[in-house]
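Source file: final-v3.txt. Holds: compact mmCIF, C-alpha atoms.
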# COMPACT_ATOMS: atom_id res chain seq x y z
CA MET A 220 5.67 13.39 5.57
CA PHE A 221 2.24 12.37 4.28
CA ILE A 222 1.78 8.66 3.58
CA GLN A 223 -1.31 7.20 1.97
CA ILE A 224 -2.32 3.64 1.28
CA ILE A 225 -4.79 3.43 -1.58
CA GLY A 226 -6.39 0.04 -2.07
CA VAL A 227 -9.07 -1.64 -4.12
CA GLY A 228 -12.14 -2.87 -2.26
CA LYS A 229 -13.84 -2.04 1.00
CA LEU A 230 -12.57 -3.70 4.15
CA LYS A 231 -15.38 -5.63 5.76
CA GLU A 232 -13.51 -7.74 8.31
CA LYS A 233 -13.73 -6.03 11.70
CA TYR A 234 -10.33 -7.31 12.87
CA LEU A 235 -8.58 -5.78 9.84
CA VAL A 236 -10.38 -2.45 10.21
CA GLN A 237 -9.48 -2.35 13.93
CA GLY A 238 -5.84 -3.31 13.32
CA ILE A 239 -5.38 -0.64 10.66
CA ALA A 240 -7.08 1.94 12.89
CA GLU A 241 -4.72 1.08 15.75
CA TYR A 242 -1.57 1.55 13.64
CA ALA A 243 -2.99 4.71 12.04
CA LYS A 244 -3.50 6.10 15.55
CA ARG A 245 0.08 5.17 16.49
CA LEU A 246 1.37 6.94 13.35
CA GLY A 247 -0.55 10.12 14.19
CA PRO A 248 2.19 11.79 16.27
CA TYR A 249 4.78 11.18 13.54
CA MET A 250 3.08 12.01 10.25
CA LYS A 251 -0.10 12.57 8.33
CA PHE A 252 -1.43 9.15 7.33
CA GLU A 253 -4.57 7.89 5.64
CA VAL A 254 -6.03 4.85 3.97
CA LEU A 255 -8.28 5.34 0.95
CA GLU A 256 -10.40 2.74 -0.80
CA VAL A 257 -11.77 2.55 -4.31
CA PRO A 258 -14.62 0.20 -5.20
CA ASP A 259 -13.63 -3.12 -6.68
CA GLU A 260 -15.06 -4.05 -10.05
CA LYS A 261 -17.83 -6.63 -9.88
CA ALA A 262 -16.75 -9.56 -11.99
CA PRO A 263 -17.55 -13.25 -12.43
CA GLU A 264 -15.25 -15.93 -10.99
CA ASN A 265 -14.11 -17.38 -14.32
CA MET A 266 -12.93 -14.54 -16.53
CA SER A 267 -11.00 -14.53 -19.78
CA GLU A 268 -7.66 -12.74 -19.88
CA ALA A 269 -9.34 -9.86 -21.70
CA GLU A 270 -11.98 -9.57 -18.96
CA VAL A 271 -9.31 -9.64 -16.23
CA ARG A 272 -7.43 -6.86 -18.05
CA GLN A 273 -10.65 -4.79 -18.27
CA VAL A 274 -11.32 -5.24 -14.55
CA LYS A 275 -7.76 -4.17 -13.69
CA GLU A 276 -8.01 -1.17 -16.03
CA ARG A 277 -11.27 0.05 -14.46
CA GLU A 278 -9.90 -0.38 -10.94
CA GLY A 279 -6.66 1.26 -12.07
CA GLU A 280 -8.51 4.33 -13.33
CA ARG A 281 -10.13 4.70 -9.91
CA LEU A 282 -6.76 4.36 -8.17
CA LEU A 283 -5.02 6.84 -10.47
CA ALA A 284 -7.80 9.39 -9.92
CA LEU A 285 -6.82 9.56 -6.23
CA ILE A 286 -3.06 9.89 -6.74
CA LYS A 287 -1.76 13.46 -6.75
CA SER A 288 0.77 14.39 -9.42
CA GLU A 289 3.51 15.18 -6.88
CA ALA A 290 3.18 11.86 -5.04
CA HIS A 291 5.93 9.27 -5.04
CA VAL A 292 4.11 6.01 -5.80
CA ILE A 293 5.17 2.60 -4.54
CA ALA A 294 3.06 -0.19 -6.03
CA LEU A 295 2.74 -3.48 -4.20
CA ALA A 296 3.42 -6.16 -6.76
CA ILE A 297 4.58 -9.75 -6.57
CA ASP A 298 7.40 -8.93 -9.03
CA GLY A 299 8.57 -5.92 -6.98
CA LYS A 300 11.73 -5.64 -4.91
CA LEU A 301 11.96 -7.45 -1.61
CA TRP A 302 12.83 -5.07 1.23
CA SER A 303 13.51 -5.85 4.84
CA SER A 304 11.88 -3.65 7.46
CA GLU A 305 15.17 -1.79 7.79
CA GLU A 306 15.36 -1.26 4.03
CA LEU A 307 11.80 0.13 3.97
CA ALA A 308 12.77 2.47 6.80
CA ALA A 309 15.88 3.59 4.92
CA GLU A 310 13.87 4.15 1.73
CA LEU A 311 11.27 6.29 3.50
CA ASP A 312 14.05 8.22 5.25
CA LYS A 313 15.84 8.79 1.93
CA LEU A 314 12.64 10.02 0.27
CA ALA A 315 12.01 12.47 3.13
CA THR A 316 15.62 13.65 3.15
CA TYR A 317 15.55 14.45 -0.57
CA GLY A 318 12.30 16.39 -0.47
CA THR A 319 9.56 13.85 -1.05
CA SER A 320 6.75 14.82 1.27
CA HIS A 321 3.97 12.63 -0.15
CA VAL A 322 4.28 8.85 -0.57
CA VAL A 323 1.46 6.65 -1.84
CA PHE A 324 1.45 2.88 -1.52
CA VAL A 325 -0.98 1.29 -3.98
CA ILE A 326 -2.57 -2.13 -3.45
CA GLY A 327 -4.56 -3.65 -6.30
CA GLY A 328 -7.57 -5.89 -6.11
CA SER A 329 -7.68 -9.65 -6.35
CA ASN A 330 -6.52 -9.50 -9.99
CA GLY A 331 -3.60 -7.19 -9.30
CA LEU A 332 -2.73 -3.74 -10.64
CA SER A 333 -3.28 -2.38 -14.13
CA ASP A 334 -0.34 -1.64 -16.38
CA ALA A 335 -1.16 2.08 -16.11
CA VAL A 336 -0.85 2.03 -12.32
CA GLN A 337 2.40 0.09 -12.51
CA ARG A 338 3.78 2.62 -15.02
CA ARG A 339 2.80 5.49 -12.67
CA ALA A 340 4.74 3.91 -9.82
CA GLN A 341 8.33 4.96 -9.26
CA GLN A 342 8.97 1.75 -7.34
CA LYS A 343 7.47 -1.69 -6.94
CA LEU A 344 7.57 -3.47 -3.59
CA SER A 345 6.95 -7.15 -2.93
CA PHE A 346 6.25 -8.78 0.40
CA GLY A 347 7.29 -12.12 -1.05
CA ARG A 348 6.19 -14.63 -3.61
CA MET A 349 3.28 -15.85 -1.53
CA THR A 350 -0.15 -14.62 -2.49
CA LEU A 351 -1.82 -12.71 0.33
CA PRO A 352 -5.36 -11.30 0.34
CA HIS A 353 -5.20 -7.65 -0.68
CA GLN A 354 -7.27 -6.71 2.39
CA LEU A 355 -4.76 -8.36 4.75
CA MET A 356 -1.93 -6.67 2.87
CA ARG A 357 -3.18 -3.27 4.04
CA LEU A 358 -2.75 -4.27 7.68
CA VAL A 359 0.69 -5.78 7.06
CA LEU A 360 1.78 -2.65 5.17
CA VAL A 361 0.59 -0.15 7.79
CA GLU A 362 2.36 -2.17 10.50
CA GLN A 363 5.57 -2.06 8.45
CA ILE A 364 5.23 1.69 7.93
CA TYR A 365 4.88 2.11 11.70
CA ARG A 366 7.89 -0.16 12.26
CA ALA A 367 9.89 1.91 9.73
CA VAL A 368 9.06 5.11 11.61
CA LYS A 369 10.20 3.57 14.90
CA ILE A 370 13.43 2.31 13.29
CA ASN A 371 14.18 5.73 11.78
CA ARG A 372 13.58 7.48 15.11
CA GLY A 373 15.69 4.96 17.03
CA GLU A 374 12.73 4.19 19.27
CA PRO A 375 12.06 0.74 20.68
CA TYR A 376 9.51 -1.53 19.07
CA HIS A 377 9.04 -5.24 19.59
CA LYS A 378 10.99 -7.57 17.32
Rewrite the coordinates I just gave you, this time as structure tokens.
Amino acid sequence: MFIQIIGVGKLKEKYLVQGIAEYAKRLGPYMKFEVLEVPDEKAPENMSEAEVRQVKEREGERLLALIKSEAHVIALAIDGKLWSSEELAAELDKLATYGTSHVVFVIGGSNGLSDAVQRRAQQKLSFGRMTLPHQLMRLVLVEQIYRAVKINRGEPYHK
């Protein structure tokens, strides 16, 4: 299986970059894995709803340009389904079993995902109703992907 995380914005925090690199290394023996970034749209702090929509649309176009047509897309969205680690593992296992070889998780910028990206997604996943920085979400997601792999292989991993 090939899993990608495509996110808006460049990670600058060293601890996040190192954490993601560590989990990516751990995933290496099990699958092809990569994290891609698209530039975030420069925007003022106080934007109108129309300006927010424009920012999301521009970022969304950049995200969609990186998603291959055959990919199964899971968008991270606050209104998505809540999955446990075991449910994520089961979902990835089900996708692999039924022939999905390419899964893309999409993480929007600070304003969220465009409607076009959400329409492209076959599923929406939420990590809860709390707002988390989109940069931190990448680290949390890659850890959960690694955990899902360990669950599916019946291998030990700390709880």
For a test of reading the model, state the distance in Å between atom CA of A:Glu374 and atom CA of A:Val254, rounded to one decimal.
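Going from atom CA of A:Glu374 over to atom CA of A:Val254 covers 24.2 Å.
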Residue with smallest distance to A:Val227 - pool A:Arg272, A:Arg245, A:Lys369, A:Arg277, counting all atoms listed in the file:
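Going through A:Arg272, A:Arg245, A:Lys369, A:Arg277 one by one, the smallest distance to A:Val227 is for A:Arg277.
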Have a look at A:Ala243, A:Leu235, A:Leu230, A:Leu355 and name the one nearest to A:Pro258; count all atoms listed in the file.
A:Leu230
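Of the listed residues A:Pro352, A:Gly228, A:Pro248, A:Gly327, the one whose atoms come nearest to A:Ala294 is A:Gly327, with distances taken using all atoms listed in the file.
Coordinates place atom CA of A:Val257 at a distance of 12.7 Å from atom CA of A:His353.
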Excluding A:His291 and any residue of its chain fewer than 2 positions from it, enumerate the residues within 10 Å of it, using only C-alpha atoms, and give them as a list in words.
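So, after excluding close chain neighbours, the residues are Ile222, Ile286, Lys287, Ser288, Glu289, Ile293, Ala294, Leu314, Thr319, Ser320, His321, Val322, Val323, Phe324, Arg339, Ala340, Gln341 and Gln342 of chain A.
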Which of these residues is nearest to A:Glu310, using only C-alpha atoms: A:Met356, A:Asn371, A:Phe346, A:Arg281?
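When distances to A:Glu310 are compared using only C-alpha atoms, the smallest one comes from A:Asn371.
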To one decimal place, how far is atom CA of A:Asn265 from atom CA of A:Val359 in Å?
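Separation of atom CA of A:Asn265 and atom CA of A:Val359: 28.5 Å.
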Determine the nearest neighbour of A:Glu270 from the options A:Leu282, A:Asn330, A:Phe221, A:Gly318, counting only C-alpha atoms.
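Nearest candidate to A:Glu270 out of A:Leu282, A:Asn330, A:Phe221, A:Gly318: A:Asn330.
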Between A:Arg366, A:Arg357, A:Lys251, A:Arg348, single out the one closest to A:Ser303, counting all atoms listed in the file.
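The shortest atom-to-atom distance to A:Ser303 comes from A:Arg366.
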What are the centre and the three edge lengths of an axis-aligned box that wraps all atoms of stretch 253-264 of chain A in the file, given that 4 Å is added to every side, written as lines of an AutoDock Vina configuration file and rounded to one decimal in Å?
center_x = -11.2
center_y = -4.0
center_z = -3.4
size_x = 21.3
size_y = 31.8
size_z = 26.1
